[in-house]
Amino acid sequence: SDSWRVNPSLTVSAGLRYVLQNPFYPTNDSYTTLTMESLYGVSGVGNINMPGTLPGARSQFIRFPKGQYAYNTDRNNLAPSIGAAWQVPPSSGFMGWLRGTEEGDVVVRGGWAMAFQRPGLSDFTGPFGDNQGIAVSLQRDQTNATLPILLRNSPTLPAAPAVTLPAPPASLTTRGNVYDPDIQLPFIQSWSAGWQRRLTRDSAIELRYVGSKLDGPWDSININEPNITTNGFLNEFRLAQANLQANIAAGRGNTFAYAGAGTGTSPLPIMLAHFNAQNAANAGNAALYTGTNWTSATFLGFLAARNPNPWGFANLNNTGLIGNTTLRNNATTAGLPVNFFVANPDLLGAGTTAGAAQLITNNGGTRAHSMQFEYRKRFANSFAINSSYTFSLAERLQRFGFARPNEWIDQAGQVGNVRHAVKANWTLEVPVGKDRKFGADMNGFMDAVVGGWSVDGVARIQTGEVLDFGNVRMVGMTQKDLQKEIKVQQGPGGQIFILPADIIDNTVKAFDVSATSATGYGSKGAPSGRYFAPANGPDCIESAPGYGDCGLRSITVNGPSLMRFDIGISKKFDLPGRFVFEFRAQVLNALNDPYFNPASTGGTPLGFTTTNTSPNGVGGGTAMANTTG
């Protein structure tokens, strides 16, 4: 890097950094890994949401050789930077205010730079530590040790079994993590431009724009993202909803099974294959729709018209079609392809683990823009102040799956964006006493009483962090109405809330749904007035969770505001010789105004979560995590 003084009023600086970080590699042969072909499994590399396309082979873990890089070396990481400072020539008239009336009144600065992120060791040990075969569990209990076991004896563990590669194919309960071989180092671009004007010998103002953008952060992409669109399942899910309502109306009970021609119900070949191992040719035979799955409270709950959940119905956990071994085997027996719902059925994860085939690659990003105004006055005439106002916007690139493009949405949460902030710090010497403007000749007693006093402080007034209420619908209010209601409010039991009780209570009712009640709501009754409602409803079901086809994708408002003043008062006493005694009192948060940062559950300040808790096991209650200080 270097700088050049082009002329007396213009200085330019520039530089170039080259970054080379070799990839991670194991120093022994303990880890296992997958090839890209094994990550995609039977579907073949790149074949997503293509049921029946099976050019690949079943997944198999292999030894991660000692010294082998986890991905190809990224060698093209050139990071330039450039900046300039220009002392604007003075002028007169209106332009004199912008350009100054004297030499050096106005300076314009700007710059742009790139910088590369450097991943840490945990970026390697975390993903590969999840792969099959890295750990062997040993247990010491009364079945493999003789009792009593004395504390003075050195503990022993049972002999470790021989560590071998997992037998192919990969286990259904196993996670698989692989780096994209061409993954790149993420990089940040930052830029700024500013105009500074001198007001007096001791003060100046500055107006700045500051921006930044993060490109290509490392992210895990779920190859086993469930597919409900190209395989026809979403359409069949809607038919199952209609079947349930037709059967209830006809007195056939709480079932979504096909009841035959002329009954107002439709055949459900996909569900019949999973529940009863029957192929599509038999889907029109109503006698085959037998068993408890057709009346299961779990599956009925997913069919609730007020909050339909096809993703839950087909979920990877043990209660869904994908995660239940019996149902999955039934579907294969009935002739459905093994990749009907997911690309790689050999890597499903254990229990409720979703997305066990993870590709670590460049995905997403963030960007920020801010305008800043600053007024500075250095210490003169007993007073100094530095104050500023900032307006900012921060966004992140959100991924919604293979079926939808990434979308920029407001950054929120713990690293949330603060829209408006005013900050100031000041020092004021009371101009009375020795060596000060007034009373310089007062006697020692008076100086000890009224001289030598100073006041200083720090102030911060800002809107709260941006809160994102997520992909829901707003009923009876707009986003502007919602913003007006965001304030610290105390409940009857001393709880702290950020919304009035009517919005919270009716939102609870809106998420307390039932698939079998006449109204579609649970025991709490129907909501009214102002509330949040689920994104999915009778009129719309989203094919990609959270994308906003039905809901609003992202509802952002400013959290409760912060107003804080810290004030200090000091008094100096001159002592004999070179000594000074100072008395100081400091008041922190002088207005005693608490700042509440709402806690988020499920990514939203209210944690919109439906649980099957109604008496018939079909409806749902809403767990709402309210604001905490």
# chains A, B, ... in the order shown; residues from 1 in each chain; ligands from 1
call {"tool": "residues_around", "arguments": {"residues": "Glu37 (chain A)", "least_positions_apart": "2", "cutoff": "10 Å", "atoms": "only C-alpha atoms", "output": "list in words"}}
result
Leu34, Thr35, Leu39, Tyr40, Gly41, Val42, Ser43, Gly44, Val45, Gly46, Gly56, Ala57, Arg58, Ser59 and Gln60 of chain A
call {"tool": "residues_around", "arguments": {"residues": "Gly365 (chain A)", "least_positions_apart": "5", "cutoff": "8 Å", "atoms": "only C-alpha atoms", "output": "PyMOL selection string"}}
result
chain A and resi 213-217+396-397
call {"tool": "write_last_selection", "arguments": {"atoms": "N, CA, C and O atoms", "output": "tab-separated table (two decimals), in the first residue's frame"}}
result
chain	number	residue	atom	x	y	z
A	213	LYS	N	-20.97	-4.88	2.35
A	213	LYS	CA	-21.67	-6.05	1.80
A	213	LYS	C	-20.80	-7.28	1.97
A	213	LYS	O	-19.62	-7.28	1.62
A	214	LEU	N	-21.38	-8.32	2.56
A	214	LEU	CA	-20.72	-9.61	2.73
A	214	LEU	C	-21.22	-10.54	1.64
A	214	LEU	O	-22.43	-10.76	1.51
A	215	ASP	N	-20.31	-11.11	0.88
A	215	ASP	CA	-20.65	-12.03	-0.20
A	215	ASP	C	-20.14	-13.43	0.11
A	215	ASP	O	-19.00	-13.60	0.52
A	216	GLY	N	-21.00	-14.41	-0.13
A	216	GLY	CA	-20.59	-15.81	-0.09
A	216	GLY	C	-20.19	-16.37	1.25
A	216	GLY	O	-19.22	-17.14	1.31
A	217	PRO	N	-20.90	-16.04	2.36
A	217	PRO	CA	-20.55	-16.72	3.61
A	217	PRO	C	-20.80	-18.21	3.50
A	217	PRO	O	-21.60	-18.66	2.68
A	396	ARG	N	-30.24	-9.13	5.17
A	396	ARG	CA	-29.56	-10.41	4.96
A	396	ARG	C	-30.24	-11.14	3.81
A	396	ARG	O	-31.45	-10.98	3.58
A	397	LEU	N	-29.48	-11.94	3.10
A	397	LEU	CA	-29.99	-12.71	1.99
A	397	LEU	C	-30.49	-14.05	2.52
A	397	LEU	O	-29.70	-14.90	2.93
call {"tool": "closest_residue", "arguments": {"among": "A:Thr27, A:Thr11, A:Gln68, A:Asn558", "to": "Gly413 (chain A)", "atoms": "only C-alpha atoms"}}
result
A:Asn558
call {"tool": "residues_around", "arguments": {"residues": "Arg376 (chain A)", "least_positions_apart": "2", "cutoff": "8 Å", "atoms": "only C-alpha atoms", "output": "PyMOL selection string"}}
result
chain A and resi 203-205+374+378+384-387
call {"tool": "write_last_selection", "arguments": {"atoms": "N, CA and C atoms", "output": "mmCIF file, in the first residue's frame"}}
result
data_model
loop_
_atom_site.group_PDB
_atom_site.id
_atom_site.type_symbol
_atom_site.label_atom_id
_atom_site.label_comp_id
_atom_site.auth_asym_id
_atom_site.auth_seq_id
_atom_site.Cartn_x
_atom_site.Cartn_y
_atom_site.Cartn_z
ATOM 1 N N SER A 203 -14.866 23.937 16.036
ATOM 2 C CA SER A 203 -15.984 23.041 15.763
ATOM 3 C C SER A 203 -16.101 22.728 14.278
ATOM 4 N N ALA A 204 -16.732 21.579 14.003
ATOM 5 C CA ALA A 204 -16.925 21.145 12.620
ATOM 6 C C ALA A 204 -18.121 20.213 12.567
ATOM 7 N N ILE A 205 -18.681 20.087 11.366
ATOM 8 C CA ILE A 205 -19.742 19.107 11.129
ATOM 9 C C ILE A 205 -19.264 18.168 10.035
ATOM 10 N N GLU A 374 -22.459 14.216 12.123
ATOM 11 C CA GLU A 374 -21.684 14.392 13.354
ATOM 12 C C GLU A 374 -21.352 15.872 13.563
ATOM 13 N N ARG A 378 -14.173 20.722 19.940
ATOM 14 C CA ARG A 378 -13.108 20.384 20.875
ATOM 15 C C ARG A 378 -13.162 21.323 22.080
ATOM 16 N N ALA A 384 -16.825 21.117 25.651
ATOM 17 C CA ALA A 384 -16.508 20.231 24.529
ATOM 18 C C ALA A 384 -17.678 19.280 24.335
ATOM 19 N N ILE A 385 -17.969 18.952 23.081
ATOM 20 C CA ILE A 385 -19.061 18.018 22.797
ATOM 21 C C ILE A 385 -18.758 17.264 21.518
ATOM 22 N N ASN A 386 -19.178 16.015 21.492
ATOM 23 C CA ASN A 386 -19.123 15.194 20.281
ATOM 24 C C ASN A 386 -20.476 14.507 20.172
ATOM 25 N N SER A 387 -21.238 14.839 19.136
ATOM 26 C CA SER A 387 -22.592 14.296 18.998
ATOM 27 C C SER A 387 -22.794 13.780 17.586
#
call {"tool": "select_by_dssp", "arguments": {"residues": "region 335-460 of chain A", "states": "strand (DSSP E)", "output": "number ranges by chain"}}
result
A: 357-362, 365-380, 383-398, 407-410, 420-429, 453-460
